[in-house]
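Down below is the structure, laid out as structure tokens.
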Amino acid sequence: MDDNNYMNDLYLIPKNINAKFQLLPGFGWRELFVTLSFMGVGGVIALILHLFNAPIFLLFIIVVLFGAAGYMLSMEDPRTGMSLLRVMKSMRKFKQKQNMYFYILRRR
């Protein structure tokens, strides 16, 4: 009787199922937060420029460009599953790792 209860508690999830909630394919809450934070930085820069009487069109372009930069940095590539931010983090770890190469000199 205990064996049946044990089998009811197991959930087998296939490898191709992604467990995180996604608003768009490859774009979830984390990516939305990064995009909105970049738009916020662009908004702060636009407000500073607004104090110096910059045109409204330029302020809108700045906010949109910062939002697009945040989107491009956080969006995952569907082929690799890695975003540009994650690639840059892994590049930094790769450069810090010391490599050792052994060469074998063969003379005939």
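So you can find residues: chains in the structure tokens are A, B, ... in the order shown, residues in each start at 1, and ligands are numbered from 1 in order.
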
Give me the residues near Ile56 (chain A) as a PyMOL selection string, where near means some atom within 12 Å (using only C-alpha atoms) and where sequence neighbours in that chain fewer than 6 positions away do not count. chain A and resi 43+46-47+49-50+62-63

May I have the selected residues written with C-alpha atoms, as a short mmCIF file (atom, residue, chain, number, x, y, z; two decimals), in the first residue's frame?
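part_25.cif, written as the output of this step:
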data_model
loop_
_atom_site.label_atom_id
_atom_site.label_comp_id
_atom_site.auth_asym_id
_atom_site.auth_seq_id
_atom_site.Cartn_x
_atom_site.Cartn_y
_atom_site.Cartn_z
CA GLY A 43 14.39 58.15 -18.18
CA ALA A 46 16.16 62.20 -20.25
CA LEU A 47 14.97 64.12 -17.18
CA LEU A 49 18.52 66.64 -20.35
CA HIS A 50 15.01 68.06 -20.00
CA ILE A 62 16.96 58.20 -25.42
CA VAL A 63 14.43 56.26 -23.33
#

Write out as an NGL selection string the set of residues from region 11-105 of chain A that DSSP, computed on the backbone, places in strand (DSSP E). :A and (22-24 or 27-28)

Export of the given selection (N, CA and C atoms) as a PDB file, in the first residue's frame:
ATOM      1  N   GLN A  22       7.347  32.473 -18.717  1.00  0.00           N
ATOM      2  CA  GLN A  22       7.860  33.330 -19.776  1.00  0.00           C
ATOM      3  C   GLN A  22       6.715  34.133 -20.378  1.00  0.00           C
ATOM      4  N   LEU A  23       6.938  35.449 -20.485  1.00  0.00           N
ATOM      5  CA  LEU A  23       5.961  36.312 -21.134  1.00  0.00           C
ATOM      6  C   LEU A  23       5.989  36.091 -22.643  1.00  0.00           C
ATOM      7  N   LEU A  24       7.187  36.021 -23.206  1.00  0.00           N
ATOM      8  CA  LEU A  24       7.434  35.681 -24.604  1.00  0.00           C
ATOM      9  C   LEU A  24       8.437  34.532 -24.605  1.00  0.00           C
ATOM     10  N   PHE A  27      11.772  35.213 -22.846  1.00  0.00           N
ATOM     11  CA  PHE A  27      11.671  36.512 -22.185  1.00  0.00           C
ATOM     12  C   PHE A  27      10.727  36.381 -20.999  1.00  0.00           C
ATOM     13  N   GLY A  28      11.310  36.338 -19.789  1.00  0.00           N
ATOM     14  CA  GLY A  28      10.518  36.160 -18.577  1.00  0.00           C
ATOM     15  C   GLY A  28      10.607  37.371 -17.661  1.00  0.00           C
TER      16      GLY A  28
END

Select from region 20-58 of chain A everything DSSP, run on the backbone, classes as alpha helix (DSSP H), then give the selection as a compact mmCIF listing (two decimals) with N, CA and C atoms, in the first residue's frame.
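Saved to out-v7.txt:
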# COMPACT_ATOMS: atom_id res chain seq x y z
N TRP A 29 10.39 37.13 -16.36
CA TRP A 29 10.37 38.22 -15.38
C TRP A 29 11.74 38.88 -15.24
N ARG A 30 12.80 38.08 -15.23
CA ARG A 30 14.14 38.64 -15.08
C ARG A 30 14.49 39.56 -16.24
N GLU A 31 14.17 39.14 -17.44
CA GLU A 31 14.45 39.94 -18.62
C GLU A 31 13.61 41.22 -18.63
N LEU A 32 12.36 41.11 -18.16
CA LEU A 32 11.50 42.28 -18.07
C LEU A 32 12.08 43.28 -17.07
N PHE A 33 12.59 42.78 -15.94
CA PHE A 33 13.18 43.67 -14.94
C PHE A 33 14.41 44.38 -15.50
N VAL A 34 15.26 43.67 -16.23
CA VAL A 34 16.45 44.30 -16.82
C VAL A 34 16.05 45.36 -17.84
N THR A 35 15.08 45.05 -18.67
CA THR A 35 14.62 46.02 -19.68
C THR A 35 14.03 47.27 -19.04
N LEU A 36 13.20 47.07 -18.01
CA LEU A 36 12.59 48.23 -17.34
C LEU A 36 13.62 49.04 -16.57
N SER A 37 14.63 48.37 -16.00
CA SER A 37 15.67 49.13 -15.29
C SER A 37 16.50 49.95 -16.27
N PHE A 38 16.79 49.42 -17.44
CA PHE A 38 17.50 50.19 -18.45
C PHE A 38 16.65 51.37 -18.93
N MET A 39 15.34 51.15 -19.08
CA MET A 39 14.47 52.26 -19.45
C MET A 39 14.42 53.31 -18.36
N GLY A 40 14.51 52.88 -17.09
CA GLY A 40 14.55 53.82 -15.98
C GLY A 40 15.80 54.67 -16.00
N VAL A 41 16.94 54.05 -16.31
CA VAL A 41 18.19 54.82 -16.43
C VAL A 41 18.07 55.81 -17.59
N GLY A 42 17.51 55.36 -18.70
CA GLY A 42 17.29 56.27 -19.82
C GLY A 42 16.34 57.40 -19.45
N GLY A 43 15.32 57.11 -18.63
CA GLY A 43 14.39 58.15 -18.18
C GLY A 43 15.07 59.18 -17.29
N VAL A 44 15.97 58.72 -16.42
CA VAL A 44 16.71 59.66 -15.57
C VAL A 44 17.60 60.56 -16.42
N ILE A 45 18.27 59.98 -17.39
CA ILE A 45 19.12 60.79 -18.28
C ILE A 45 18.25 61.76 -19.08
N ALA A 46 17.07 61.32 -19.51
CA ALA A 46 16.16 62.20 -20.25
C ALA A 46 15.67 63.34 -19.37
N LEU A 47 15.41 63.05 -18.09
CA LEU A 47 14.97 64.12 -17.18
C LEU A 47 16.09 65.15 -16.95
N ILE A 48 17.31 64.68 -16.84
CA ILE A 48 18.44 65.60 -16.69
C ILE A 48 18.58 66.47 -17.94
N LEU A 49 18.44 65.86 -19.11
CA LEU A 49 18.52 66.64 -20.35
C LEU A 49 17.32 67.58 -20.51
N HIS A 50 16.19 67.20 -19.94
CA HIS A 50 15.01 68.06 -20.00
C HIS A 50 15.22 69.36 -19.22
N LEU A 51 16.05 69.30 -18.18
CA LEU A 51 16.38 70.51 -17.43
C LEU A 51 17.15 71.51 -18.29
N ILE A 56 11.70 67.23 -26.87
CA ILE A 56 10.96 66.07 -26.36
C ILE A 56 11.25 64.83 -27.21
N PHE A 57 11.38 65.03 -28.51
CA PHE A 57 11.65 63.89 -29.40
C PHE A 57 12.98 63.22 -29.03
N LEU A 58 14.00 64.02 -28.71
CA LEU A 58 15.30 63.48 -28.31
C LEU A 58 15.18 62.71 -27.00
